[in-house]
There are 4 protein chains.
Amino acid sequence: MLCFENDYSEGAHPAILKKLAETNLEKLPGYGSDSYCESARGKIRQACGCPEAEVFFLVGGTQTNAVVIGSLLKRYQGVIAAATGHVSTHEAGAIEYTGHKVLELPQQEGKLEAQTLENYLEAFYGDGNHEHMVFPGMVYLSHPTEYGTLYSRRELEEISAVCRRFEIPLYLDGARLGYGLACPKSDLGLEDIARYTDVFYIGGTKVGALCGEALVFPRRAPEHFLTLVKQQGALLAKGRLLGIQFDALFTDGLYQRIAENAIKTAQELREILGRKGYRLLGNSPTNQIFVILDNGKKEELEKKVRFSFWEKYDEGRTVVRFATSWATEMSEVRELEALL
Amino acid sequence: MLCFENDYSEGAHPAILKKLAETNLEKLPGYGSDSYCESARGKIRQACGCPEAEVFFLVGGTQTNAVVIGSLLKRYQGVIAAATGHVSTHEAGAIEYTGHKVLELPQQEGKLEAQTLENYLEAFYGDGNHEHMVFPGMVYLSHPTEYGTLYSRRELEEISAVCRRFEIPLYLDGARLGYGLACPKSDLGLEDIARYTDVFYIGGTKVGALCGEALVFPRRAPEHFLTLVKQQGALLAKGRLLGIQFDALFTDGLYQRIAENAIKTAQELREILGRKGYRLLGNSPTNQIFVILDNGKKEELEKKVRFSFWEKYDEGRTVVRFATSWATEMSEVRELEALL
Amino acid sequence: MLCFENDYSEGAHPAILKKLAETNLEKLPGYGSDSYCESARGKIRQACGCPEAEVFFLVGGTQTNAVVIGSLLKRYQGVIAAATGHVSTHEAGAIEYTGHKVLELPQQEGKLEAQTLENYLEAFYGDGNHEHMVFPGMVYLSHPTEYGTLYSRRELEEISAVCRRFEIPLYLDGARLGYGLACPKSDLGLEDIARYTDVFYIGGTKVGALCGEALVFPRRAPEHFLTLVKQQGALLAKGRLLGIQFDALFTDGLYQRIAENAIKTAQELREILGRKGYRLLGNSPTNQIFVILDNGKKEELEKKVRFSFWEKYDEGRTVVRFATSWATEMSEVRELEALL
Amino acid sequence: MLCFENDYSEGAHPAILKKLAETNLEKLPGYGSDSYCESARGKIRQACGCPEAEVFFLVGGTQTNAVVIGSLLKRYQGVIAAATGHVSTHEAGAIEYTGHKVLELPQQEGKLEAQTLENYLEAFYGDGNHEHMVFPGMVYLSHPTEYGTLYSRRELEEISAVCRRFEIPLYLDGARLGYGLACPKSDLGLEDIARYTDVFYIGGTKVGALCGEALVFPRRAPEHFLTLVKQQGALLAKGRLLGIQFDALFTDGLYQRIAENAIKTAQELREILGRKGYRLLGNSPTNQIFVILDNGKKEELEKKVRFSFWEKYDEGRTVVRFATSWATEMSEVRELEALL
């Protein structure tokens with residue numbers, strides 16, 4: 001059966017497995033203090049143009065979001081996010097479990113706008129009752145967003161400026177960051193992200209790793225961050241598992257290169273869908289494609305292809321998602337074409 | 001200076017102070033186990049037509065909301081509320097501090113509609129990803145709402161039916177319940193509320209008490225509720241302070257009677273405002289009146305009257321709130337009339 | 001029936017009730033911003049010799065402990081307390097509910113010793129694994145302790161010096177502080193406490209108020225403390241209720257004076273017990289007396305006197321507690337004498 | 001350099017790496033719903049003699065403890081553990097972060113005794129103030145313990161009987177369970193553990209896996225457990241990573257077999273230490289050996305061997321730990337022998 005269900009359907013890029021095997025019997029210290037973690041940190045610092053960055057490796061995305069948000073916010077603060085943000089909707093309340101509110105703002109195709117943010121912050125401080133309310137304490141963006149869309153450099157710069165004016169950190173969730181970086185339509189590179197944000201993560205799980213996210217504080221991590229990570233159950237004893245993978249991903253541009261495959265196959269599929277007259281939802285330029293299908297067509301396709309239900313569009317139509325990944329082969333796109 | 005700022009500007013109804021003084025040197029056991037608490041419980045059970053109800057006395061509204069919601073919800077659940085609900089906006093994140101999300105729904109003049117609720121619940125369970133989301137675990141209403149509006153018996157019955165269909169408890173925040181009960185336009189009595197909800201509180205702080213809210217579980221309280229109350233720092237050593245007050249409030253219909261004064265004075269003020277051509281925001285029939293004032297008029301009035309800023313209406317106008325209470329005298333309304 | 005059950009059996013000192021009645025119909029702003037709160041703050045600052053102190057009024061003791069500890073600790077820290085401390089044992093997990101561990105240390109008659117504390121802190125930082133452990137983030141003392149004992153000025157100074165060496169705040173729970181201050185054997189005054197601690201509270205509930213504790217930060221309160229208080233459900237709408245009471249208690253030395261009554265009656269009872277050959281547990285010089293009773297005697301007394309079970313001593317004997325208060329009359333002590 | 005530092009110094013058993021590589025490009029559904037997870041569950045159910053068991057895969061030990069304890073306890077409850085238990089000391093407050101107290105009891109070489117437990121529970125319910133205290137809500141054991149010791153079948157049965165009498169679940173932390181099962185001195189098998197406990201986990205991280213722990217509810221998992229796991233950031237998108245590893249470990253007795261190697265090499269080292277006159281601390285029969293070294297000897301050894309500091313013994317001596325693992329070779333033991 002064909003599979004365009006998501007970007008974490010396969011195991012790891014073969015170069016990662018190879019490196020895990022080669023290093024397997026080396027006796028290394030635990031908790032991220034080994035030489036592979038150190039090497040990966042160095043390569044990531046270089047890729048971000050941040051020689052001072054502090055880099056930590058965590059296991060998964062929701063975990064990373066909960067650790068970052070639960071560690072950076074003061075108790076009286078919440079995190080601002082688009083109403084469609086992953087932290088707002090699909091983390092089973094992981095943020096609230098840390099005791100903090102997600103302050104949901106309106107969005108455009110999954111993106112938060114600088115003006116919306118600024119208006120909200122001005123209104124908050126202009127409200128005479130704001131001491132009885134949750135203080136906005138950081139801003140959460142995802143890039144690419146849950147709708148596959150991307151911030152431009154200009155947009156990120158503007159959001160960053162608002163955050164700095166109000167002295168709140170800006171956090172970028174890069175679960176699919178590779179697919180954003182590899183997108184030819186994007187003008188936003190790792191160095192820009194490191195400049196405009198206060199913390200972000202480079203997603204591994206969805207971009208070729210078995211598991212793992214590289215969390216980057218371009219300037220300074222919170223005090224005793226390792227202890228905070230441990231307290232949230234996110235500290236891996238065999239930290240090597242993460243270090244080795246990111247060391248491989250950041251050697252010879254592997255991370256960027258494998259992400260490009262997802263973009264190319266997605267672009268091909270997008271063109272096929274266009275030629276065949278399918279209507280897309282939104283303008284995702286990355287590896288997620290949202291298509292409005294007649295329910296009959298959807299049921300027919302489901303017999304031969306795995307893809308994701310996204311939402312009901314109307315009585316007779318459904319929005320579904322096709323996702324490509326680092327591992328998608330062009331021949332699979334061709335097979336799908338034949339079924340569409 | 002005249003004061004229509006809120007309904008907790010004065011101390012307590014004199015009958016309460018009198019009873020506190022009369023009983024002052026009696027040596028009573030602590031934590032709500034004294035005879036006055038017991039007596040007040042009996043009177044409240046009777047007023048609610050619930051001989052089996054479990055009644056607890058807590059100190060304030062936000063505290064009561066946090067205790068109820070933090071005690072009833074399971075860990076994977078959140079509480080549904082109108083986006084304008086007190087728990088959504090003005091409790092400084094007290095609900096999230098208990099680890100739970102407030103699931104905010106659209107509202108009409110502060111009210112949640114049964115249909116909105118039902119659509120939300122159906123969509124939730126219809127979403128294939130709902131195991132990655134916060135489960136709706138109870139419904140929060142305020143009555144009167146933050147906009148002074150009231151649910152009809154029919155509306156509450158419909159909401160209750162949806163809750164029971166989905167097996168989630170219905171909680172009614174009655175911080176100003178007295179003013180709802182005393183409103184001639186309302187057909188919703190204590191017995192109805194006890195029938196249609198699973199837990200509610202009868203507000204004392206805003207209806208004549210020094211402090212205190214009577215929390216009523218018409219059928220059954222959560223297991224070890226006293227310990228839960230203690231854990232949230234809400235258990236008063238001198239429980240008598242609350243029991244004596246509610247015993248006085250539920251003797252000879254005092255609670256209802258003093259609330260009527262607020263309704264009468266508010267109604268008079270509403271008529272005055274109408275005659276003078278002021279435009280009201282919404283249709284509050286209770287003790288809160290929302291008026292759209294020209295900014296010039298607002299500034300002029302502020303020199304002689306205390307009232308609340310509610311929100312900016314447009315560049316030249318502001319929404320303000322006038323509140324009456326059990327203690328407002330008709331002569332004060334007349335004095336205000338002269339200034340309007 | 002005679003009652004020596006605890007020090008919160010009665011209502012309030014009559015001077016407090018009088019002042020509540022006199023001010024009852026004044027229209028005052030809420031949340032502790034009224035003139036009585038301000039006046040009480042001024043008098044407390046003066047009594048503490050701290051013109052810069054920030055003073056807040058909360059409702060009860062467990063609540064105050066949870067708010068202070070939950071607000072001052074960083075997320076990776078816990079609070080050090082004697083294993084018999086109120087926060088360790090009798091707050092239903094209120095501290096852990098804020099997400100923090102109580103680090104329990106051995107005690108002597110309820111007191112923590114500076115040396116024990118210093119050893120613990122040195123061992124913690126000497127442990128190579130301490131980043132995987134809960135960091136000690138503040139020290140909690142009660143004064144008088146749960147066993148009625150008192151720290152000397154010297155002892156408090158030594159503990160304070162250890163805290164400052166390790167840069168962690170020192171917090172003193174003064175639920176019964178008045179009874180410590182009024183004890184002729186104590187050399188520790190309010191000014192000393194303000195000098196040696198970073199935060200403490202002056203208990204009202206057990207020393208003559210209807211409810212209420214005055215929380216004093218001699219130097220500086222945490223940022224946005226009002227919001228933190230609100231978030232934990234501890235902010236009283238009618239803050240006047242607390243301000244008026246503390247204003248009365250700190251007028252003309254009332255707080256000290258009424259506490260002396262408890263000490264005198266306790267001292268008399270202690271002498272009676274001594275003369276009659278009863279054996280005391282520990283050396284409480286304050287208003288709590290712990291007596292080892294034969295079970296037969298205990299049962300006989302229980303028919304005519306209310307007192308507290310403390311703990312089983314051995315098969316045939318029980319430790320019980322007699323407590324006096326600001327309201328205990330010498331005639332009651334005489335009546336008890338006749339029964340002993 | 002020789003390494004006896006811990007049992008997570010290497011990567012994974014080669015059979016695991018092989019299986020990861022073989023299955024790498026299969027497209028599998030996420031979150032533990034794939035066929036390898038299902039296969040592993042079946043094999044684990046069989047090994048435990050529990051056809052009805054519910055099995056979940058989590059990433060690490062502290063995480064698993066926090067998820068289990070945070071999910072099973074009611075809000076008014078804490079978890080009972082030996083004062084030396086991992087949850088008591090070395091999880092950076094992960095349990096308290098879930099809002100629950102660890103109720104620490106005295107231990108013998110890391111083990112909790114049934115009598116100690118029973119006395120504690122009886123005293124708790126016999127205390128008239130227990131509604132103001134943290135209710136004991138479950139019992140946590142580790143097996144092997146942090147001191148390498150093991151419960152006998154009889155001991156576990158007795159503890160289980162106390163738990164059932166008081167109706168609280170019994171949880172066994174099996175981070176090193178394989179080394180307990182493989183120990184010839186142990187009479188406690190997986191089927192016994194499944195019978196006497198309510199939940200336990202089979203440790204993978206320390207027994208041959210890259211990461212991962214298999215959590216077993218022999219009878220029934222908590223409602224919506226997957227959502228609870230997600231909320232604590234512990235749900236792996238590529239659940240296959242864990243399923244494939246445990247499928248390999250529970251094929252042809254691999255888990256047991258590789259654990260035996262650790263026991264044999266530890267036993268050899270223990271005999272060498274004995275012959276050479278070293279004094280051991282305690283009686284660990286498993287893969288951890290605690291040795292009291294003169295500080296001079298310790299410093300000399302550290303130049304050529306990595307091992308763990310455990311604790312200061314006295315001024316001149318230190319307790320250190322040597323750990324063997326599934327990967328330790330007998331030749332390494334010989335090399336160490338030459339240095340001792």
# chains A, B, ... in the order shown; residues from 1 in each chain; ligands from 1
>>> interface_residues(of="chain D", to="chain C", cutoff="7 Å", atoms="only C-alpha atoms", output="PDB file with N, CA, C and O atoms, in the first residue's frame")
ATOM      1  N   THR D  89      15.069  10.369  45.537  1.00  0.00           N
ATOM      2  CA  THR D  89      16.338  11.074  45.612  1.00  0.00           C
ATOM      3  C   THR D  89      16.901  11.586  44.296  1.00  0.00           C
ATOM      4  O   THR D  89      17.456  12.674  44.254  1.00  0.00           O
ATOM      5  N   HIS D  90      16.780  10.810  43.233  1.00  0.00           N
ATOM      6  CA  HIS D  90      17.572  11.115  42.034  1.00  0.00           C
ATOM      7  C   HIS D  90      16.750  11.389  40.781  1.00  0.00           C
ATOM      8  O   HIS D  90      17.183  11.105  39.673  1.00  0.00           O
ATOM      9  N   GLU D  91      15.568  11.958  40.989  1.00  0.00           N
ATOM     10  CA  GLU D  91      14.770  12.289  39.802  1.00  0.00           C
ATOM     11  C   GLU D  91      14.469  13.780  39.757  1.00  0.00           C
ATOM     12  O   GLU D  91      13.506  14.210  39.108  1.00  0.00           O
ATOM     13  N   ALA D  92      15.291  14.574  40.422  1.00  0.00           N
ATOM     14  CA  ALA D  92      15.194  16.030  40.311  1.00  0.00           C
ATOM     15  C   ALA D  92      13.801  16.576  40.626  1.00  0.00           C
ATOM     16  O   ALA D  92      13.405  17.619  40.111  1.00  0.00           O
ATOM     17  N   GLY D  93      13.056  15.827  41.452  1.00  0.00           N
ATOM     18  CA  GLY D  93      11.720  16.308  41.813  1.00  0.00           C
ATOM     19  C   GLY D  93      10.669  16.015  40.759  1.00  0.00           C
ATOM     20  O   GLY D  93       9.607  16.639  40.750  1.00  0.00           O
ATOM     21  N   GLU D  96       7.281  15.191  42.437  1.00  0.00           N
ATOM     22  CA  GLU D  96       6.636  16.376  42.990  1.00  0.00           C
ATOM     23  C   GLU D  96       6.154  17.294  41.863  1.00  0.00           C
ATOM     24  O   GLU D  96       5.147  17.987  42.014  1.00  0.00           O
ATOM     25  N   TYR D  97       6.855  17.295  40.762  1.00  0.00           N
ATOM     26  CA  TYR D  97       6.413  18.125  39.630  1.00  0.00           C
ATOM     27  C   TYR D  97       5.028  17.690  39.140  1.00  0.00           C
ATOM     28  O   TYR D  97       4.288  18.481  38.572  1.00  0.00           O
ATOM     29  N   THR D  98       4.690  16.430  39.355  1.00  0.00           N
ATOM     30  CA  THR D  98       3.332  15.979  39.010  1.00  0.00           C
ATOM     31  C   THR D  98       2.329  16.349  40.107  1.00  0.00           C
ATOM     32  O   THR D  98       1.149  16.028  39.988  1.00  0.00           O
ATOM     33  N   GLY D  99       2.814  16.994  41.181  1.00  0.00           N
ATOM     34  CA  GLY D  99       1.919  17.457  42.237  1.00  0.00           C
ATOM     35  C   GLY D  99       1.786  16.521  43.422  1.00  0.00           C
ATOM     36  O   GLY D  99       0.965  16.767  44.308  1.00  0.00           O
ATOM     37  N   HIS D 100       2.599  15.468  43.444  1.00  0.00           N
ATOM     38  CA  HIS D 100       2.435  14.456  44.481  1.00  0.00           C
ATOM     39  C   HIS D 100       3.657  14.335  45.383  1.00  0.00           C
ATOM     40  O   HIS D 100       4.790  14.432  44.915  1.00  0.00           O
ATOM     41  N   LYS D 101       3.414  14.052  46.636  1.00  0.00           N
ATOM     42  CA  LYS D 101       4.495  13.873  47.611  1.00  0.00           C
ATOM     43  C   LYS D 101       5.017  12.440  47.554  1.00  0.00           C
ATOM     44  O   LYS D 101       4.250  11.502  47.375  1.00  0.00           O
ATOM     45  N   HIS D 132      -5.963  15.904  57.052  1.00  0.00           N
ATOM     46  CA  HIS D 132      -5.109  17.073  56.774  1.00  0.00           C
ATOM     47  C   HIS D 132      -3.732  16.632  56.252  1.00  0.00           C
ATOM     48  O   HIS D 132      -2.817  17.447  56.167  1.00  0.00           O
ATOM     49  N   MET D 133      -3.595  15.380  55.971  1.00  0.00           N
ATOM     50  CA  MET D 133      -2.300  14.839  55.556  1.00  0.00           C
ATOM     51  C   MET D 133      -2.393  14.240  54.140  1.00  0.00           C
ATOM     52  O   MET D 133      -3.483  14.088  53.601  1.00  0.00           O
ATOM     53  N   VAL D 134      -1.240  13.909  53.597  1.00  0.00           N
ATOM     54  CA  VAL D 134      -1.218  13.270  52.274  1.00  0.00           C
ATOM     55  C   VAL D 134      -1.572  11.789  52.436  1.00  0.00           C
ATOM     56  O   VAL D 134      -0.903  11.065  53.176  1.00  0.00           O
TER      57      VAL D 134
END
>>> residues_around(residues="Tyr313 of chain C", least_positions_apart="2", cutoff="10 Å", atoms="only C-alpha atoms", output="list in words")
Leu281, Ile292, Leu293, Asp294, Asn295, Trp310, Glu311, Glu315, Gly316, Arg317, Thr318, Val319 and Val320 of chain C
>>> closest_atom_pairs(of="segment 83-187 of chain C", to="segment 244-265 of chain C", cutoff="12 Å", atoms="only C-alpha atoms", output="tab-separated table")
residue	atom	partner	partner_atom	distance
C:Gly148	CA	C:Ile263	CA	11.2
C:Arg176	CA	C:Ala259	CA	9.1
C:Leu177	CA	C:Ala259	CA	9.0
C:Gly178	CA	C:Ala259	CA	5.5
C:Tyr179	CA	C:Ala259	CA	5.2
C:Gly180	CA	C:Ala259	CA	8.5
C:Leu181	CA	C:Gln256	CA	7.0
C:Ala182	CA	C:Glu260	CA	5.1
C:Cys183	CA	C:Ile263	CA	6.3
C:Pro184	CA	C:Ile263	CA	8.6
C:Lys185	CA	C:Ile263	CA	10.5
C:Ser186	CA	C:Ile263	CA	11.6
>>> write_last_selection(atoms="N, CA and C atoms", output="compact mmCIF listing (two decimals), in the first residue's frame")
# COMPACT_ATOMS: atom_id res chain seq x y z
N GLY C 148 5.56 24.03 70.08
CA GLY C 148 5.47 25.15 71.01
C GLY C 148 6.82 25.77 71.36
N ARG C 176 1.61 31.31 64.94
CA ARG C 176 1.40 31.63 66.36
C ARG C 176 2.43 32.66 66.83
N LEU C 177 2.87 33.51 65.92
CA LEU C 177 3.99 34.39 66.24
C LEU C 177 3.74 35.22 67.50
N GLY C 178 2.52 35.72 67.64
CA GLY C 178 2.21 36.53 68.82
C GLY C 178 2.60 35.83 70.11
N TYR C 179 2.32 34.53 70.17
CA TYR C 179 2.60 33.80 71.40
C TYR C 179 4.10 33.63 71.62
N GLY C 180 4.87 33.66 70.54
CA GLY C 180 6.33 33.67 70.70
C GLY C 180 6.81 35.02 71.19
N LEU C 181 6.29 36.07 70.57
CA LEU C 181 6.72 37.43 70.93
C LEU C 181 6.39 37.76 72.38
N ALA C 182 5.26 37.21 72.85
CA ALA C 182 4.79 37.57 74.19
C ALA C 182 5.43 36.70 75.27
N CYS C 183 6.23 35.75 74.87
CA CYS C 183 6.79 34.81 75.84
C CYS C 183 7.99 35.45 76.55
N PRO C 184 7.96 35.56 77.85
CA PRO C 184 9.05 36.25 78.54
C PRO C 184 10.40 35.55 78.36
N LYS C 185 10.36 34.27 78.05
CA LYS C 185 11.63 33.55 77.87
C LYS C 185 12.27 33.81 76.51
N SER C 186 11.57 34.48 75.63
CA SER C 186 12.09 34.68 74.28
C SER C 186 12.85 36.00 74.16
>>> atom_distance(atom1="atom CA of Ser325 of chain D", atom2="atom CA of Asp7 of chain D")
4.9 Å
>>> residues_around(residues="segment 54-60 of chain D", least_positions_apart="2", cutoff="8 Å", atoms="only C-alpha atoms", output="JSON list (two decimals) with N, CA and C atoms, in the first residue's frame")
[["chain", "number", "residue", "atom", "x", "y", "z"],
["A", 233, "GLY", "N", 11.26, 14.55, 32.98],
["A", 233, "GLY", "CA", 11.38, 13.19, 32.46],
["A", 233, "GLY", "C", 11.96, 13.13, 31.06],
["A", 234, "ALA", "N", 12.69, 14.17, 30.66],
["A", 234, "ALA", "CA", 13.13, 14.27, 29.27],
["A", 234, "ALA", "C", 14.63, 14.07, 29.09],
["A", 235, "LEU", "N", 15.32, 13.68, 30.15],
["A", 235, "LEU", "CA", 16.77, 13.50, 30.05],
["A", 235, "LEU", "C", 17.09, 12.04, 29.73],
["A", 236, "LEU", "N", 17.73, 11.83, 28.60],
["A", 236, "LEU", "CA", 18.02, 10.48, 28.18],
["A", 236, "LEU", "C", 19.34, 9.99, 28.81],
["A", 237, "ALA", "N", 19.32, 8.81, 29.41],
["A", 237, "ALA", "CA", 20.55, 8.27, 29.99],
["A", 237, "ALA", "C", 21.59, 8.08, 28.88],
["D", 32, "GLY", "N", 3.09, 3.91, 18.54],
["D", 32, "GLY", "CA", 2.99, 2.60, 19.18],
["D", 32, "GLY", "C", 1.91, 1.71, 18.60],
["D", 41, "ARG", "N", 4.38, -6.63, 22.42],
["D", 41, "ARG", "CA", 3.39, -6.75, 23.50],
["D", 41, "ARG", "C", 2.98, -8.20, 23.71],
["D", 44, "ILE", "N", 5.73, -10.13, 25.47],
["D", 44, "ILE", "CA", 5.84, -9.74, 26.88],
["D", 44, "ILE", "C", 4.67, -10.31, 27.68],
["D", 45, "ARG", "N", 3.48, -10.25, 27.12],
["D", 45, "ARG", "CA", 2.33, -10.85, 27.81],
["D", 45, "ARG", "C", 2.61, -12.33, 28.09],
["D", 52, "GLU", "N", -3.91, -10.89, 29.38],
["D", 52, "GLU", "CA", -4.74, -9.68, 29.35],
["D", 52, "GLU", "C", -3.95, -8.41, 29.62],
["D", 62, "THR", "N", 13.04, 7.67, 34.60],
["D", 62, "THR", "CA", 12.41, 8.76, 35.36],
["D", 62, "THR", "C", 11.08, 9.13, 34.71],
["D", 63, "GLN", "N", 11.09, 9.19, 33.40],
["D", 63, "GLN", "CA", 9.86, 9.49, 32.67],
["D", 63, "GLN", "C", 8.77, 8.47, 33.00],
["D", 64, "THR", "N", 9.15, 7.19, 32.97],
["D", 64, "THR", "CA", 8.16, 6.15, 33.25],
["D", 64, "THR", "C", 7.63, 6.28, 34.68],
["D", 205, "THR", "N", 16.72, 0.36, 28.74],
["D", 205, "THR", "CA", 17.89, 1.24, 28.63],
["D", 205, "THR", "C", 19.14, 0.63, 29.26],
["D", 211, "CYS", "N", 17.35, 2.65, 24.11],
["D", 211, "CYS", "CA", 16.49, 3.39, 25.02],
["D", 211, "CYS", "C", 15.21, 2.59, 25.12],
["D", 212, "GLY", "N", 14.39, 2.87, 26.11],
["D", 212, "GLY", "CA", 13.09, 2.23, 26.17],
["D", 212, "GLY", "C", 12.84, 1.38, 27.39],
["D", 213, "GLU", "N", 11.61, 1.48, 27.87],
["D", 213, "GLU", "CA", 11.13, 0.71, 29.01],
["D", 213, "GLU", "C", 9.76, 0.17, 28.63],
["D", 214, "ALA", "N", 9.51, -1.09, 28.96],
["D", 214, "ALA", "CA", 8.21, -1.69, 28.66],
["D", 214, "ALA", "C", 7.36, -1.68, 29.93],
["D", 215, "LEU", "N", 6.31, -0.91, 29.88],
["D", 215, "LEU", "CA", 5.44, -0.74, 31.05],
["D", 215, "LEU", "C", 4.30, -1.73, 30.96],
["D", 216, "VAL", "N", 4.13, -2.51, 32.02],
["D", 216, "VAL", "CA", 3.14, -3.59, 32.00],
["D", 216, "VAL", "C", 2.09, -3.37, 33.09],
["D", 217, "PHE", "N", 0.85, -3.31, 32.68],
["D", 217, "PHE", "CA", -0.28, -3.35, 33.63],
["D", 217, "PHE", "C", -0.85, -4.76, 33.52],
["D", 218, "PRO", "N", -0.56, -5.62, 34.48],
["D", 218, "PRO", "CA", -0.98, -7.01, 34.33],
["D", 218, "PRO", "C", -2.49, -7.16, 34.19],
["D", 219, "ARG", "N", -3.23, -6.24, 34.81],
["D", 219, "ARG", "CA", -4.68, -6.34, 34.69],
["D", 219, "ARG", "C", -5.26, -5.20, 33.84],
["D", 220, "ARG", "N", -5.13, -3.97, 34.28],
["D", 220, "ARG", "CA", -5.82, -2.90, 33.55],
["D", 220, "ARG", "C", -5.04, -1.60, 33.64],
["D", 221, "ALA", "N", -4.90, -0.91, 32.54],
["D", 221, "ALA", "CA", -4.24, 0.39, 32.52],
["D", 221, "ALA", "C", -5.25, 1.47, 32.89],
["D", 234, "ALA", "N", 5.70, 12.06, 26.82],
["D", 234, "ALA", "CA", 6.40, 10.78, 26.79],
["D", 234, "ALA", "C", 5.97, 9.87, 25.65],
["D", 235, "LEU", "N", 5.16, 10.40, 24.74],
["D", 235, "LEU", "CA", 4.67, 9.57, 23.64],
["D", 235, "LEU", "C", 5.57, 9.77, 22.43],
["D", 236, "LEU", "N", 6.18, 8.68, 21.99],
["D", 236, "LEU", "CA", 7.10, 8.75, 20.88],
["D", 236, "LEU", "C", 6.35, 8.65, 19.55],
["D", 239, "GLY", "N", 6.98, 5.19, 17.45],
["D", 239, "GLY", "CA", 6.88, 4.17, 18.48],
["D", 239, "GLY", "C", 7.61, 2.90, 18.08],
["D", 242, "LEU", "N", 10.79, 1.69, 19.78],
["D", 242, "LEU", "CA", 10.71, 0.94, 21.04],
["D", 242, "LEU", "C", 10.17, -0.47, 20.79],
["D", 243, "GLY", "N", 9.17, -0.55, 19.95],
["D", 243, "GLY", "CA", 8.57, -1.86, 19.69],
["D", 243, "GLY", "C", 9.57, -2.83, 19.09]]
>>> select_by_dssp(residues="segment 6-225 of chain C", states="helix (DSSP H, G or I)", output="JSON, numbers by chain")
{"C": [14, 15, 16, 17, 18, 19, 20, 21, 22, 35, 36, 37, 38, 39, 40, 41, 42, 43, 44, 45, 46, 47, 48, 61, 62, 63, 64, 65, 66, 67, 68, 69, 70, 71, 72, 86, 87, 88, 89, 94, 95, 96, 97, 114, 115, 116, 117, 118, 119, 120, 121, 122, 123, 124, 125, 126, 130, 131, 132, 153, 154, 155, 156, 157, 158, 159, 160, 161, 162, 163, 164, 165, 177, 178, 179, 180, 181, 190, 191, 192, 193, 194, 195, 196, 225]}
>>> residues_around(residues="Leu340 of chain C", least_positions_apart="6", cutoff="12 Å", atoms="only C-alpha atoms", output="number ranges by chain")
C: 269-270, 272-278, 291, 293-294, 297-302, 304-305, 333-334
>>> select_by_dssp(residues="segment 132-309 of chain C", states="strand (DSSP E or B)", output="PyMOL selection string")
chain C and resi 135-142+170-174+199-203+213-217+279-280+288-294+305-306+308-309
>>> write_last_selection(atoms="C-alpha atoms", output="compact mmCIF listing (two decimals), in the first residue's frame")
# COMPACT_ATOMS: atom_id res chain seq x y z
CA PHE C 135 18.13 21.79 44.76
CA PRO C 136 17.59 23.27 48.22
CA GLY C 137 15.97 26.61 47.43
CA MET C 138 14.74 28.04 50.71
CA VAL C 139 14.48 27.23 54.40
CA TYR C 140 11.16 27.03 56.25
CA LEU C 141 11.01 27.50 60.02
CA SER C 142 7.96 27.80 62.23
CA LEU C 170 14.80 32.10 54.94
CA TYR C 171 11.06 31.95 55.60
CA LEU C 172 9.49 31.99 59.04
CA ASP C 173 5.94 30.71 59.51
CA GLY C 174 4.49 32.77 62.34
CA VAL C 199 9.94 36.66 54.45
CA PHE C 200 7.70 35.81 57.38
CA TYR C 201 4.10 36.04 58.40
CA ILE C 202 2.41 37.37 61.48
CA GLY C 203 -0.43 35.02 62.30
CA GLU C 213 -2.19 36.42 58.15
CA ALA C 214 0.08 39.39 57.49
CA LEU C 215 2.86 38.42 55.13
CA VAL C 216 5.96 40.58 55.41
CA PHE C 217 8.83 40.83 52.94
CA ARG C 279 4.70 14.61 83.04
CA LEU C 280 5.10 17.01 80.11
CA GLN C 288 0.70 24.79 73.82
CA ILE C 289 1.30 22.22 76.56
CA PHE C 290 1.94 18.56 75.76
CA VAL C 291 1.05 16.20 78.58
CA ILE C 292 1.50 12.45 78.89
CA LEU C 293 -1.75 11.08 80.30
CA ASP C 294 -2.68 7.61 81.45
CA VAL C 305 -12.83 19.03 78.74
CA ARG C 306 -12.04 19.31 75.05
CA SER C 308 -6.33 17.46 71.38
CA PHE C 309 -4.99 14.00 70.83
